[in-house]
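All remarks here apply to the structure that follows.
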Amino acid sequence: EHTIYLKDYSPSAYTIESVVLDVRIAPETTRVRAQLTIVPAANTPRGTPLILDGEDLRLEDIAVDGAPLVQLAYAADENGLTLVEPPNRRFVLETLVAIEPEANTRLMGLYRSNGVWCTQCEPEGFRRITYYLDRPDVLATFKVTMSADEELAPVLLANGNLIDKGSLGDGKHYAVWEDPFPKPSYLFALVAGDLASISDSFTTASGRKVDLAIYCEHGKQDQCHWAMDSLKRSMAWDEKRFDREYDLDVFNIVAVSDFNFGAMENKGLNIFNDKLVFARPETATDADYENIERVIAHEYFHNWTGNRITCRDWFQLCLKEGLTVYRDQEFTSDERSRAVKRISDVMKLRSAQFPEDGGPLAHPARPDNYREINNFYTPTVYDKGAEIVRMLATLLGEDGFKKGMDLYFERHDGEATTIEAFLACFAEANDTDLDQFKTWYEQAGTPRIEINEQFDADAHTYTLTLRQNTPPTPGQPDKAALVVPVRFGLLGPNGAEIGYERVTGAEARDDVIVLDKPEVEVVFHGVANRPVPSLLRGFSAPAILETGLSEQDRLFLARHDSDAFNRWQAIQDIGERLVVASVNGESVSDEATEALTQAMAETLAHETLDDAFKALALNLPDEAQIARAIGKSVDPSAIRASRQSLLKQVFGPLADRLEAKYEALTSEAPYTPDAAQSGRRDLRNRLLSLLATVSTKGPELAHRQYQAAKNMTDRFAALAAATLAWTEEAPSLLAEFRTTYAGDPLVFDKWLAVNARAPDDSVVSRLQAILSDPSFPKNNPNRMRALVGSFAMANPAQFTRPDGAGFRFVTGAVLDMDKRNPQVAARLLTGFRTWPMLEDSRQQAALAALHGLRDSGALSRNTNDILTRILD
Ligand code: HT7
Ligand code: ZN
């Protein structure tokens, strides 16, 4: 199929200055009249055809400057509309198309969710609404008139400011919205429906009063207040941290229940998956609250990084996404615990991005070709993209980074631009060169960093040698050296940082060594004793670090490192090595497990570490992390067995202490979602989950907590603890939960997801039964992701069963979903991205399922693209 290359980019031969839309919304057929003011580019030769994108549109009328077009002057097919010889001057093209939102199950363009008409246009959905130059470098102002039956759709919303509204008689009404900021079509949005709302306001630093509203289905208004609170805090934070103010008089958010993604940053009219809006203590967990806060912030921050400054083409997607993820990470770090946020983000990077980067779907943060852009909304573009921005901040320092951002906002406001232009701002503002740094955007794969150390007691020198190497990825056999900022500290015998006289060798700026060649050497002079090095502090680069440190050194870091990330990492590394050794059949000494038990006991009892940090530390790395550490011929069942048995060995001796702490953390305080209180619940629920596995009392504690819980965080944690340990009570708790929350689709998702993670051998047939129930809402992306996505991504031992039942369950669901919603189907299929790591019999079973899918008939371009790349 057709591949699009970055190197082929050229500006459009025509631009669109302004758009006037008239959208007549009605059940079954909606009609869209568009008046596009079109201008040929300065160098466009006379007679150059104008090719507009269009999909699933029925053309009913077409005119240029008011005169109907004759048959030979245009051609419409399934990809769009061509004007054979458009005027060689500014002109107005008017089209009338009919569309069918009710039949739109792809959830791209205009569709109907739960009775509400809404749109999703990024990346290429606007072409399903009207004929257009549907590319992000065509920026136009929009004026939108919408009309609908007043009873069906009392609420009519679009981008920008409301400038007129009124009645049309006949039960119909209209509203006119105008967005003064030129924008690409992917930021277009409209919503029409019978919606409730809550409202509030925010006054910007310069005194502009902004009306805020969140729209949702009737009866859910009381669940929108946390989202509103998060929005106001986001607006204040962007002013304080980045000097960015909001720029329209209104900011609206709409919650819808059928949505392909998390949320969408349409100018002045963000549309959200309702799971990222609704929260109340009885039905949402602490994690849900934090997610809502994060995504509300993310979409709001896009107003500057994405909307005011947008992408020239879709290859530049991480220009807005990587940067905006970085910004939302910083927001959460400032609002909550920076260390805990960093650890969670790195866990996510390792569990989602590393497998992508090390497998058949690897691609650079800025890809240079694609067949289907929808398949590039990936952890690499988003999360590695954010890591790259974070490295810039590390290398340039806080002030240098701020100067670069300021220049970027000033220079590119109102433009559609590129990664090169972004980097040039940082280079110029800091009078430095970022040419080599740019490789991070262009090269796929996770670099490995190897460390050697040498202490010379006579010369009082300590030498660190750092080597980097990035393994080949599809299409990129040879890798260049990256600029890797390695933040570090050297710990003396008492655990405090040591000083040194001077450094020679490679560049070391304050506490950062810049590893920018295949190998660099740094010599610290005036060092009296061998220090223990703490390297890649705060995870200063998205790399895999191999330090070669002894267990003794790791225990020392676990006890003393002032860098919370590396303290956590040291404990995880010790656990990882134990589990890996046990999976490999090496004997694990009692001494080794006892040392880890001791480190865990100290962490549990520590006076100053916060609860959320302890919750993250008091665990062994998950099964997927162990699989990555092993790297090849992976047997997920063996990993699970070894890990479960080590959990018992390491935490079993602490059972009494875990239980005592669990009881001590009980609280009667009314629920709040703040960091301190949720950290406390995190730790308590972590202890419960450990107890469910290692203590005979665990199952009963889980049962008791389930019944006594006053909020969803505690109830669901108890259900998950019981289910994941597959206690005797698990099936009855699952049944009870299902009945109790039967009316709430978002809680149903939690039930689906936890079912999908159950470790018992009947899990696949249970899931199959759930999915085959005729009442299962198979069109809803949230339901499908909760059931099928959670199974493929979070139940490695059952997904990769050697009999292939797990694989076939997923390919079957993908095939079925592909007919209705290819974007979601393709995403579910990415669960197969790590199949080459598996041991042979599982590889064969995976391949059989994938070949079955390939041979089963016409697949969408989305699913076919993923399948082809996974199998290549
Ligand atoms: N920029 C948004 C991406 C998005 C999206 C992409 C494809 C299909 C549907 C979609 N909905 C939203 C989300 C964001 O990163 O903020
Ligand atoms: Zn985004």
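Ligands are numbered from 1 in the order shown, chains are lettered A, B, ... in the order of the structure tokens, and residues start at 1 in each chain.
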- Message: Env of Pro154 in chain A: 7 Å cut, atoms = only C-alpha atoms, seq-sep filter 2 positions within chain, self excluded. Answer as a PyMOL selection string.
- Response: chain A and resi 150-152+156+193-194
Kindly compile the residues surrounding ligand 1 within 6 Å, counting only C-alpha atoms and all ligand atoms, and format them as a compact mmCIF listing (two decimals) with C-alpha atoms, in the first residue's frame.
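result.txt, written as the output of this step:
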```txt
# COMPACT_ATOMS: atom_id res chain seq x y z
CA GLU A 122 -7.46 14.65 14.35
CA PRO A 123 -5.66 13.57 12.34
CA ASN A 260 -11.23 6.51 20.18
CA PHE A 261 -8.70 8.11 22.48
CA ALA A 263 -9.40 13.42 24.78
CA MET A 264 -8.98 16.04 22.07
CA GLU A 265 -7.67 19.59 22.26
CA GLU A 299 -5.44 19.14 26.52
CA GLU A 321 2.64 15.67 21.73
CA ASN A 374 -3.46 6.86 13.03
```
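Going from CA of Gln353 in chain A over to CA of Ala541 in chain A, you cover 13.3 Å.
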- Message: List the spatial neighbours of Leu853 in chain A as a PyMOL selection string - criterion: any atom at most 8 Å away, only C-alpha atoms, same-chain residues fewer than 5 positions off excluded.
- Response: chain A and resi 811-812+815
- Message: Which residues are near ligand 2 in this structure, taking near to mean any atom at most 7 Å from a ligand atom and counting only C-alpha atoms and all ligand atoms? Format them as a list in words.
- Response: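 The distance check yields His298, Glu299, His302, Lys320, Glu321, Thr324 and Val325 of chain A.
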Output N, CA and C atoms for every residue in that selection, as a PDB file, in the first residue's frame.
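Listing of part_17.pdb after writing:
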```pdb
ATOM      1  N   HIS A 298      -3.252  18.296  30.114  1.00  0.00           N
ATOM      2  CA  HIS A 298      -2.616  18.036  28.812  1.00  0.00           C
ATOM      3  C   HIS A 298      -3.371  18.748  27.682  1.00  0.00           C
ATOM      4  N   GLU A 299      -4.669  18.540  27.619  1.00  0.00           N
ATOM      5  CA  GLU A 299      -5.445  19.139  26.521  1.00  0.00           C
ATOM      6  C   GLU A 299      -5.434  20.663  26.640  1.00  0.00           C
ATOM      7  N   HIS A 302      -2.235  22.089  25.328  1.00  0.00           N
ATOM      8  CA  HIS A 302      -2.168  22.088  23.869  1.00  0.00           C
ATOM      9  C   HIS A 302      -2.567  23.440  23.280  1.00  0.00           C
ATOM     10  N   LYS A 320       4.107  18.584  18.994  1.00  0.00           N
ATOM     11  CA  LYS A 320       3.075  19.000  19.943  1.00  0.00           C
ATOM     12  C   LYS A 320       2.871  17.969  21.046  1.00  0.00           C
ATOM     13  N   GLU A 321       2.977  16.674  20.716  1.00  0.00           N
ATOM     14  CA  GLU A 321       2.639  15.671  21.730  1.00  0.00           C
ATOM     15  C   GLU A 321       3.755  15.455  22.753  1.00  0.00           C
ATOM     16  N   THR A 324       3.883  18.531  24.902  1.00  0.00           N
ATOM     17  CA  THR A 324       2.730  18.702  25.789  1.00  0.00           C
ATOM     18  C   THR A 324       2.723  17.637  26.893  1.00  0.00           C
ATOM     19  N   VAL A 325       3.192  16.442  26.583  1.00  0.00           N
ATOM     20  CA  VAL A 325       3.326  15.441  27.654  1.00  0.00           C
ATOM     21  C   VAL A 325       4.365  15.928  28.676  1.00  0.00           C
TER      22      VAL A 325
END
```
- Message: So that I can check the surroundings of range 791-799 of chain A, please list as JSON, numbers by chain every protein, DNA and RNA residue that reaches within 6 Å of it, counting only C-alpha atoms and ignoring chain neighbours fewer than 6 positions away.
- Response: {"A": [636, 637, 756, 757, 806, 807, 831]}
- Query: Contacts of Asn864 in chain A at 10 Å or less, counting only C-alpha atoms, minus same-chain residues fewer than 4 places along, as an MDAnalysis selection string?
  - Reply: chainID A and resid 1 371:372 818 822 826 829 853:854 858:860 868:870
- Message: Env of range 621-630 of chain A: 9 Å cut, atoms = only C-alpha atoms, seq-sep filter 6 positions within chain, self excluded. Answer as a PyMOL selection string.
- Response: chain A and resi 350-351+354-355+572-573+575-577+579-580+583-584+636+639-640+643+794-797+837-838
- Message: To test your reading of the structure, identify every residue in range 271-430 of chain A that backbone DSSP assigns to strand (DSSP E), and report it as a list in words.
- Response: Ile271, Phe272, Asn273, Thr310, Cys311, Asn369, Tyr370, Ala416 and Thr417 of chain A
Dump as a compact mmCIF listing (two decimals), in the first residue's frame, selection limited to C-alpha atoms:
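Saved as again_18.txt:
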```txt
# COMPACT_ATOMS: atom_id res chain seq x y z
CA ILE A 271 -13.90 16.79 23.74
CA PHE A 272 -13.22 14.11 26.32
CA ASN A 273 -13.72 10.43 26.72
CA THR A 310 0.88 23.55 15.37
CA CYS A 311 2.60 20.87 13.24
CA ASN A 369 7.43 7.42 6.64
CA TYR A 370 4.00 6.01 7.37
CA ALA A 416 2.62 25.23 11.56
CA THR A 417 6.20 24.22 12.16
```
Closest-contact table, range 509-572 of chain A side, partner range 438-447 of chain A, 8 Å, counting only C-alpha atoms, as JSON lines:
```
{"residue": "A:Pro542", "atom": "CA", "partner": "A:Thr446", "partner_atom": "CA", "distance": 6.9}
{"residue": "A:Ala543", "atom": "CA", "partner": "A:Pro447", "partner_atom": "CA", "distance": 5.1}
{"residue": "A:Ile544", "atom": "CA", "partner": "A:Pro447", "partner_atom": "CA", "distance": 6.3}
```
Filtering to N, CA and C atoms, could you give me those residues as a PDB file, in the first residue's frame?
```pdb
ATOM      1  N   PRO A 542      16.287   8.301  28.352  1.00  0.00           N
ATOM      2  CA  PRO A 542      15.526   7.065  28.117  1.00  0.00           C
ATOM      3  C   PRO A 542      16.443   5.959  27.601  1.00  0.00           C
ATOM      4  N   ALA A 543      17.179   5.376  28.502  1.00  0.00           N
ATOM      5  CA  ALA A 543      18.204   4.398  28.147  1.00  0.00           C
ATOM      6  C   ALA A 543      18.132   3.216  29.096  1.00  0.00           C
ATOM      7  N   ILE A 544      18.842   2.151  28.712  1.00  0.00           N
ATOM      8  CA  ILE A 544      18.962   0.997  29.603  1.00  0.00           C
ATOM      9  C   ILE A 544      20.371   1.021  30.182  1.00  0.00           C
TER      10      ILE A 544
END
```
- Using only C-alpha atoms, pick whichever of A:Trp314, A:Ile498, A:Ile388, A:Gly414 has the shortest atom-to-atom distance to Val484 in chain A.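 The closest residue to Val484 in chain A is A:Ile388.
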- Item | Surrounding residues of range 843-848 of chain A excluding itself and chain neighbours under 2 positions, 8 Å, only C-alpha atoms, as a PyMOL selection string | chain A and resi 800+802-804+807+832+835-836+838-841+850-852
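The residue that comes closest to Lys819 in chain A, out of A:Tyr500, A:Lys7, A:Asp238, A:Arg106 and on the basis of only C-alpha atoms, is A:Arg106.
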- Message: My list of candidates is A:Pro653, A:Cys425, A:Leu57, A:Pro777. Which is closest to Met405 in chain A when distances are computed with only C-alpha atoms?
- Response: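 Ranking A:Pro653, A:Cys425, A:Leu57, A:Pro777 by distance to Met405 in chain A, first place goes to A:Cys425.
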- For the atom pair CA of Val116 in chain A and CA of Val256 in chain A, what is the interatomic distance in Å to one decimal place?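 These two atoms are separated by 7.8 Å.
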- Message: Please report the interatomic distance between CA of Ala255 in chain A and CA of Val277 in chain A in Å with one decimal.
- Response: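 Result for CA of Ala255 in chain A versus CA of Val277 in chain A: 6.5 Å, one decimal.
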- In range 613-750 of chain A, what's alpha helix (DSSP H) per DSSP? Answer as number ranges by chain? A: 613-617, 623-630, 636-651, 655-664, 675-694, 698-708, 712-724, 730-740, 745-750
